[in-house]
Amino acid sequence: MSIKITKECISCGACEPECPNNAIFESKKSDFNKNRSNYKDTYYIVSEKCTECIGFYDEPQCVSICPVNCCVPDNI
Ligand code: SF4
Ligand code: SF4
């Protein structure tokens with residue numbers, strides 16, 4: 001399980017420095033999302049790196065800090 005960022009992201013950048021696993025990136029800096037049909041210029045989480053903050057914090061930091069509540073569990 002990991003957290004994902006939905007298209008509601010306003011790219012405020014608040015979550016990026018909070019992630020203990022450096023799993024959050026700004027899409028503008030990477031080609032990661034460019035070929036996806038739902039591409040939008042938002043921040044994104046590399047699911048392989050996200051541990052839901054287990055071992056670091058009691059709750060996912062990106063979920064806690066996001067002002068628009070667009071960090072949600074990725075259950076797929
Ligand atoms: S849940 Fe924690 S590890 Fe996963 S992206 Fe958010 S801050 Fe990073
Ligand atoms: S804190 Fe929320 S709105 Fe801000 S960049 Fe992260 S996911 Fe996007």
# chains A, B, ... in the order shown; residues from 1 in each chain; ligands from 1
$ closest_atom_pairs --of "chain A" --to "ligand 2" --cutoff "10 Å" --atoms "only C-alpha atoms and all ligand atoms" --output "Markdown table"
| residue | atom | partner | partner_atom_place_in_ligand_line | distance |
| --- | --- | --- | --- | --- |
| A:Lys4 | CA | ligand 2 | 7 (S) | 8.4 |
| A:Ile5 | CA | ligand 2 | 7 (S) | 5.4 |
| A:Thr6 | CA | ligand 2 | 7 (S) | 7.4 |
| A:Lys7 | CA | ligand 2 | 8 (Fe) | 8.5 |
| A:Glu8 | CA | ligand 2 | 3 (S) | 7.2 |
| A:Cys9 | CA | ligand 2 | 8 (Fe) | 3.9 |
| A:Ile10 | CA | ligand 2 | 3 (S) | 4.4 |
| A:Ser11 | CA | ligand 2 | 5 (S) | 3.8 |
| A:Cys12 | CA | ligand 2 | 4 (Fe) | 3.9 |
| A:Gly13 | CA | ligand 2 | 5 (S) | 3.9 |
| A:Ala14 | CA | ligand 2 | 1 (S) | 4.4 |
| A:Cys15 | CA | ligand 2 | 6 (Fe) | 4.2 |
| A:Glu16 | CA | ligand 2 | 6 (Fe) | 6.3 |
| A:Pro17 | CA | ligand 2 | 6 (Fe) | 9.5 |
| A:Glu18 | CA | ligand 2 | 1 (S) | 9.3 |
| A:Ile24 | CA | ligand 2 | 6 (Fe) | 8.0 |
| A:Phe25 | CA | ligand 2 | 5 (S) | 8.8 |
| A:Glu26 | CA | ligand 2 | 5 (S) | 7.7 |
| A:Thr42 | CA | ligand 2 | 8 (Fe) | 6.4 |
| A:Tyr43 | CA | ligand 2 | 5 (S) | 5.3 |
| A:Tyr44 | CA | ligand 2 | 7 (S) | 7.2 |
| A:Ile45 | CA | ligand 2 | 7 (S) | 8.7 |
| A:Gln61 | CA | ligand 2 | 1 (S) | 9.4 |
| A:Cys62 | CA | ligand 2 | 1 (S) | 6.2 |
| A:Val63 | CA | ligand 2 | 2 (Fe) | 7.6 |
| A:Ser64 | CA | ligand 2 | 1 (S) | 8.7 |
| A:Ile65 | CA | ligand 2 | 1 (S) | 5.9 |
| A:Cys66 | CA | ligand 2 | 1 (S) | 3.6 |
| A:Pro67 | CA | ligand 2 | 2 (Fe) | 5.9 |
| A:Val68 | CA | ligand 2 | 3 (S) | 5.7 |
| A:Asn69 | CA | ligand 2 | 2 (Fe) | 6.4 |
| A:Cys70 | CA | ligand 2 | 2 (Fe) | 5.6 |
| A:Cys71 | CA | ligand 2 | 7 (S) | 5.6 |
| A:Val72 | CA | ligand 2 | 7 (S) | 9.3 |
$ select_by_dssp --residues "chain A" --states "strand (DSSP E or B)" --output "tab-separated table (two decimals) with all heavy atoms, in the first residue's frame"
chain	number	residue	atom	x	y	z
A	2	SER	N	0.38	2.23	-0.67
A	2	SER	CA	1.05	3.51	-0.68
A	2	SER	C	-0.01	4.60	-0.76
A	2	SER	O	-1.20	4.32	-0.88
A	2	SER	CB	2.02	3.61	-1.87
A	2	SER	OG	1.30	3.66	-3.08
A	3	ILE	N	0.48	5.82	-0.72
A	3	ILE	CA	-0.39	6.96	-0.89
A	3	ILE	C	-0.24	7.44	-2.33
A	3	ILE	O	0.83	7.32	-2.93
A	3	ILE	CB	0.00	8.09	0.09
A	3	ILE	CG1	-0.07	7.59	1.55
A	3	ILE	CG2	-0.89	9.32	-0.10
A	3	ILE	CD1	-1.43	7.19	2.03
A	4	LYS	N	-1.30	7.98	-2.89
A	4	LYS	CA	-1.20	8.59	-4.22
A	4	LYS	C	-1.74	10.01	-4.15
A	4	LYS	O	-2.49	10.36	-3.23
A	4	LYS	CB	-1.99	7.78	-5.25
A	4	LYS	CG	-3.51	7.80	-5.03
A	4	LYS	CD	-4.22	7.01	-6.11
A	4	LYS	CE	-5.73	6.99	-5.85
A	4	LYS	NZ	-6.46	6.17	-6.84
A	5	ILE	N	-1.34	10.81	-5.12
A	5	ILE	CA	-1.80	12.20	-5.20
A	5	ILE	C	-2.80	12.30	-6.34
A	5	ILE	O	-2.51	11.91	-7.47
A	5	ILE	CB	-0.60	13.14	-5.42
A	5	ILE	CG1	0.29	13.13	-4.18
A	5	ILE	CG2	-1.09	14.55	-5.72
A	5	ILE	CD1	1.59	13.91	-4.33
A	24	ILE	N	8.21	11.85	-3.13
A	24	ILE	CA	7.33	12.83	-3.78
A	24	ILE	C	8.13	13.71	-4.72
A	24	ILE	O	9.19	14.23	-4.36
A	24	ILE	CB	6.61	13.70	-2.73
A	24	ILE	CG1	5.85	12.82	-1.74
A	24	ILE	CG2	5.68	14.70	-3.41
A	24	ILE	CD1	5.23	13.58	-0.57
A	25	PHE	N	7.61	13.86	-5.92
A	25	PHE	CA	8.30	14.65	-6.94
A	25	PHE	C	7.33	15.59	-7.65
A	25	PHE	O	6.14	15.32	-7.74
A	25	PHE	CB	8.93	13.71	-7.98
A	25	PHE	CG	9.98	12.81	-7.41
A	25	PHE	CD1	9.64	11.58	-6.88
A	25	PHE	CD2	11.31	13.22	-7.39
A	25	PHE	CE1	10.61	10.75	-6.34
A	25	PHE	CE2	12.28	12.39	-6.85
A	25	PHE	CZ	11.93	11.15	-6.32
A	26	GLU	N	7.91	16.67	-8.17
A	26	GLU	CA	7.13	17.60	-8.97
A	26	GLU	C	7.20	17.12	-10.41
A	26	GLU	O	8.28	16.91	-10.94
A	26	GLU	CB	7.72	19.00	-8.82
A	26	GLU	CG	6.93	20.07	-9.53
A	26	GLU	CD	7.56	21.44	-9.35
A	26	GLU	OE1	8.65	21.53	-8.76
A	26	GLU	OE2	6.94	22.41	-9.80
A	43	TYR	N	2.10	17.25	-8.46
A	43	TYR	CA	3.08	16.43	-7.78
A	43	TYR	C	2.62	14.98	-7.84
A	43	TYR	O	1.45	14.69	-8.04
A	43	TYR	CB	3.22	16.88	-6.32
A	43	TYR	CG	4.12	18.08	-6.16
A	43	TYR	CD1	3.78	19.30	-6.72
A	43	TYR	CD2	5.32	17.99	-5.46
A	43	TYR	CE1	4.60	20.41	-6.60
A	43	TYR	CE2	6.16	19.10	-5.33
A	43	TYR	CZ	5.80	20.30	-5.90
A	43	TYR	OH	6.62	21.38	-5.79
A	44	TYR	N	3.56	14.06	-7.69
A	44	TYR	CA	3.19	12.66	-7.71
A	44	TYR	C	4.07	11.88	-6.74
A	44	TYR	O	5.14	12.34	-6.33
A	44	TYR	CB	3.31	12.06	-9.12
A	44	TYR	CG	4.71	12.00	-9.67
A	44	TYR	CD1	5.47	10.84	-9.52
A	44	TYR	CD2	5.27	13.10	-10.32
A	44	TYR	CE1	6.77	10.78	-10.02
A	44	TYR	CE2	6.56	13.05	-10.82
A	44	TYR	CZ	7.31	11.89	-10.66
A	44	TYR	OH	8.59	11.84	-11.15
A	45	ILE	N	3.60	10.71	-6.36
A	45	ILE	CA	4.31	9.84	-5.43
A	45	ILE	C	4.78	8.59	-6.18
A	45	ILE	O	4.00	7.96	-6.90
A	45	ILE	CB	3.40	9.44	-4.26
A	45	ILE	CG1	3.11	10.67	-3.38
A	45	ILE	CG2	4.02	8.31	-3.43
A	45	ILE	CD1	2.03	10.46	-2.34
A	71	CYS	N	-4.00	13.73	-1.03
A	71	CYS	CA	-3.16	12.55	-0.81
A	71	CYS	C	-4.05	11.48	-0.19
A	71	CYS	O	-4.53	11.64	0.93
A	71	CYS	CB	-2.00	12.88	0.13
A	71	CYS	SG	-0.90	14.15	-0.51
A	72	VAL	N	-4.26	10.43	-0.93
A	72	VAL	CA	-5.21	9.40	-0.52
A	72	VAL	C	-4.60	8.01	-0.66
A	72	VAL	O	-3.66	7.82	-1.45
A	72	VAL	CB	-6.52	9.49	-1.35
A	72	VAL	CG1	-7.19	10.84	-1.16
A	72	VAL	CG2	-6.23	9.23	-2.82
A	73	PRO	N	-5.11	7.04	0.07
A	73	PRO	CA	-4.59	5.67	-0.08
A	73	PRO	C	-4.78	5.16	-1.51
A	73	PRO	O	-5.82	5.37	-2.11
A	73	PRO	CB	-5.44	4.86	0.91
A	73	PRO	CG	-5.92	5.86	1.89
A	73	PRO	CD	-6.12	7.13	1.11
A	74	ASP	N	-3.74	4.52	-2.03
A	74	ASP	CA	-3.81	3.94	-3.36
A	74	ASP	C	-4.10	2.47	-3.20
A	74	ASP	O	-3.22	1.67	-2.92
A	74	ASP	CB	-2.47	4.15	-4.07
A	74	ASP	CG	-2.52	3.72	-5.52
A	74	ASP	OD1	-3.57	3.18	-5.94
A	74	ASP	OD2	-1.54	3.93	-6.24
$ closest_residue --among "A:Lys49, A:Cys19, A:Asn75, A:Met1" --to "ligand 1" --atoms "only C-alpha atoms and all ligand atoms"
A:Cys19
$ select_by_dssp --residues "chain A" --states "alpha helix (DSSP H)" --output "ChimeraX atom specification"
/A:61-65
$ atom_distance --atom1 "CA of Pro60 (chain A)" --atom2 "CA of Val46 (chain A)"
14.3 Å
$ atom_distance --atom1 "CA of Asn22 (chain A)" --atom2 "CA of Gly55 (chain A)"
14.4 Å
